[in-house]
Amino acid sequence: MKPMGPIPPEFAGQRGELTIGGRRATDWIAEAGSPCFVYDPAIVAARVARFRAAMPAIDLHYAMKANPNPILLAAIAPLVDGIDVASAGELSVALKEMPARHISFAGPGKRDAELEAAIICGATLNVESIGEARRALAIGDRLGARPRLAVRVNPDMELKGSGMKMGGRPSPFGVDAEMAADVVRLIRDGGADWRGFHIFAGSQALDAAAIIDTQAATVALAARLADEAGAAPPLVNLGGGFGIPYFPGDIPLDINRIGDALAATLEARAPILGDARFAIELGRWLVAEAGVYLTSVVDRKESRGETFLVVDGGLHHQLAASGNFGTVVRRNYPIAVAHRMGEAAYGEVSVVGCLCTPLDRLGDRVALPHAAPGDIIAIFLAGAYGVTASPTAFLGHPAPAERIVSRS
């Protein structure tokens, strides 16, 4: 028997049938069909409030790639100070919810058409190379427009303990710190509106001490680069990296401790950063726990001593839960039988999807209450990197429904 991660606190204390936003799981399935994702914006709003209390002087940006659902984005946009996008497609959606001056566009390999779209609307481009900076300047000249350009920096340190390290190594992301000042000078000499630095060292970290150390090093790096470039940055995006507890033994991040340390770091910052604003860019920390993936049991079968619950969903909707989205060792997300919350486990089962591949395993030998065909399985932490991060076209199965809790 293998353990599973902790059910988010908004759902962990429930007994009987799971409710999401006050509605029963069976009602969500009856309305939307199975499988479906359900997102509760109230949980996101509570997360934003926690962040604001811990870091009142820091701008909060939403990393839209975590969950770009347009209705959810419309609920999040009024709560945050900016939206960070990673494609022209995301940009077009974000522009419906937020003025372009509060949108930034990161990502390697931006095509000229994407650079042009950002320049025309007035979004900030986080340039990832000196070549991209030159292309953006040339496009601005052709359009007779002044691009808003920030420099994404590949820092000379990494976020220790992060699930995905983004710094301290050769990378397609960002300008190496050793070259960043040269790119700033190129941007300023080219007549662009330089918007500052975007410095991202890693993601999905649960070690508050590591985040504190990385943020301090990031602020120091921004000051050093500003001195080298001879220009004070209007904004320093400190990246994100805040993790959530997906797996057994994971402990929620202490953001109050991080906020206290960051306040002290900024109080002692170098004079060249005196007028800079600081932002933190968060995706999964804001939305992951707000989502639940509901999928129905199609078959219960025994095979050579092992019990399988075969569901109508799978990795084509929720790739991360199957362990195939960057996880080195496959571990179990939190799972429940939706109408038996709080009940004791009946036995060991594996929850598998409907795809014709052994990779389609959503729960590996987990202890669950009894479930039979027609019952609903809930997979938590489905609000981030769910449907849009999964191979929905694989094998031609239908796309899942998505529903947003409404309290109006």
# chains A, B, ... in the order shown; residues from 1 in each chain; ligands from 1

call {"tool": "closest_atom_pairs", "arguments": {"of": "range 167-261 of chain A", "to": "range 87-103 of chain A", "cutoff": "12 Å", "atoms": "only C-alpha atoms", "output": "JSON lines"}}
result
{"residue": "A:Asp193", "atom": "CA", "partner": "A:Arg101", "partner_atom": "CA", "distance": 11.7}
{"residue": "A:Arg195", "atom": "CA", "partner": "A:Arg101", "partner_atom": "CA", "distance": 10.4}
{"residue": "A:Leu235", "atom": "CA", "partner": "A:His102", "partner_atom": "CA", "distance": 11.6}

call {"tool": "write_last_selection", "arguments": {"atoms": "C-alpha atoms", "output": "short mmCIF file (atom, residue, chain, number, x, y, z; two decimals), in the first residue's frame"}}
result
data_model
loop_
_atom_site.label_atom_id
_atom_site.label_comp_id
_atom_site.auth_asym_id
_atom_site.auth_seq_id
_atom_site.Cartn_x
_atom_site.Cartn_y
_atom_site.Cartn_z
CA ASP A 193 10.93 51.74 -22.24
CA ARG A 195 10.75 48.02 -17.30
CA LEU A 235 10.28 46.78 -11.26
#

call {"tool": "atom_distance", "arguments": {"atom1": "CA of Gly191 in chain A", "atom2": "CA of His61 in chain A"}}
result
26.5 Å

call {"tool": "residues_around", "arguments": {"residues": "Ala263 in chain A", "least_positions_apart": "2", "cutoff": "10 Å", "atoms": "only C-alpha atoms", "output": "MDAnalysis selection string"}}
result
chainID A and resid 54:58 258:261 265:269

call {"tool": "write_last_selection", "arguments": {"atoms": "all heavy atoms", "output": "short mmCIF file (atom, residue, chain, number, x, y, z; two decimals), in the first residue's frame"}}
result
data_model
loop_
_atom_site.label_atom_id
_atom_site.label_comp_id
_atom_site.auth_asym_id
_atom_site.auth_seq_id
_atom_site.Cartn_x
_atom_site.Cartn_y
_atom_site.Cartn_z
N ALA A 54 0.78 38.65 4.42
CA ALA A 54 2.18 38.30 4.68
C ALA A 54 3.15 39.25 4.00
O ALA A 54 4.25 39.49 4.51
CB ALA A 54 2.46 36.87 4.23
N MET A 55 2.77 39.80 2.85
CA MET A 55 3.68 40.62 2.04
C MET A 55 2.94 41.84 1.50
O MET A 55 2.74 41.98 0.30
CB MET A 55 4.27 39.79 0.90
CG MET A 55 5.13 38.64 1.40
SD MET A 55 5.66 37.50 0.12
CE MET A 55 5.28 35.94 0.91
N PRO A 56 2.52 42.74 2.38
CA PRO A 56 1.66 43.86 1.95
C PRO A 56 2.32 44.82 0.97
O PRO A 56 1.62 45.53 0.24
CB PRO A 56 1.30 44.55 3.26
CG PRO A 56 2.37 44.16 4.22
CD PRO A 56 2.77 42.77 3.83
N ALA A 57 3.65 44.87 0.95
CA ALA A 57 4.34 45.83 0.07
C ALA A 57 4.75 45.24 -1.27
O ALA A 57 5.38 45.92 -2.08
CB ALA A 57 5.57 46.40 0.79
N ILE A 58 4.39 43.99 -1.52
CA ILE A 58 4.84 43.29 -2.72
C ILE A 58 3.67 43.16 -3.70
O ILE A 58 2.57 42.76 -3.32
CB ILE A 58 5.38 41.89 -2.38
CG1 ILE A 58 6.47 41.98 -1.31
CG2 ILE A 58 5.89 41.17 -3.62
CD1 ILE A 58 7.69 42.75 -1.74
N ILE A 258 8.41 33.86 5.23
CA ILE A 258 9.01 34.41 4.02
C ILE A 258 8.76 35.91 3.93
O ILE A 258 9.66 36.69 3.60
CB ILE A 258 8.45 33.68 2.78
CG1 ILE A 258 8.89 32.22 2.77
CG2 ILE A 258 8.90 34.37 1.49
CD1 ILE A 258 8.18 31.37 1.75
N GLY A 259 7.54 36.32 4.24
CA GLY A 259 7.21 37.73 4.17
C GLY A 259 8.02 38.58 5.13
O GLY A 259 8.49 39.68 4.77
N ASP A 260 8.21 38.09 6.34
CA ASP A 260 9.01 38.83 7.33
C ASP A 260 10.45 38.99 6.85
O ASP A 260 11.05 40.06 6.96
CB ASP A 260 8.98 38.11 8.67
CG ASP A 260 7.63 38.18 9.37
OD1 ASP A 260 6.80 39.03 8.98
OD2 ASP A 260 7.40 37.38 10.29
N ALA A 261 11.02 37.90 6.32
CA ALA A 261 12.40 37.96 5.85
C ALA A 261 12.54 38.86 4.63
O ALA A 261 13.51 39.62 4.52
CB ALA A 261 12.89 36.55 5.53
N THR A 265 14.88 42.14 4.03
CA THR A 265 15.79 42.24 2.88
C THR A 265 15.57 43.55 2.13
O THR A 265 16.53 44.24 1.76
CB THR A 265 15.58 41.04 1.94
OG1 THR A 265 16.02 39.85 2.61
CG2 THR A 265 16.38 41.20 0.66
N LEU A 266 14.32 43.89 1.89
CA LEU A 266 14.03 45.11 1.13
C LEU A 266 14.33 46.37 1.93
O LEU A 266 14.71 47.40 1.37
CB LEU A 266 12.57 45.10 0.66
CG LEU A 266 12.21 43.99 -0.32
CD1 LEU A 266 10.76 44.14 -0.77
CD2 LEU A 266 13.14 43.98 -1.52
N GLU A 267 14.18 46.29 3.23
CA GLU A 267 14.51 47.44 4.07
C GLU A 267 16.00 47.77 3.94
O GLU A 267 16.40 48.94 4.00
CB GLU A 267 14.17 47.13 5.53
CG GLU A 267 14.45 48.26 6.51
CD GLU A 267 13.55 49.46 6.32
OE1 GLU A 267 12.44 49.28 5.79
OE2 GLU A 267 13.96 50.58 6.70
N ALA A 268 16.82 46.73 3.74
CA ALA A 268 18.27 46.93 3.66
C ALA A 268 18.78 46.96 2.22
O ALA A 268 19.99 46.89 1.99
CB ALA A 268 18.97 45.79 4.42
N ARG A 269 17.92 47.09 1.25
CA ARG A 269 18.34 47.02 -0.15
C ARG A 269 19.23 48.19 -0.54
O ARG A 269 19.20 49.25 0.09
CB ARG A 269 17.13 46.96 -1.08
CG ARG A 269 16.27 48.20 -1.13
CD ARG A 269 15.02 47.91 -1.98
NE ARG A 269 14.14 49.05 -2.17
CZ ARG A 269 13.16 49.40 -1.35
NH1 ARG A 269 12.96 48.70 -0.22
NH2 ARG A 269 12.39 50.42 -1.62
#
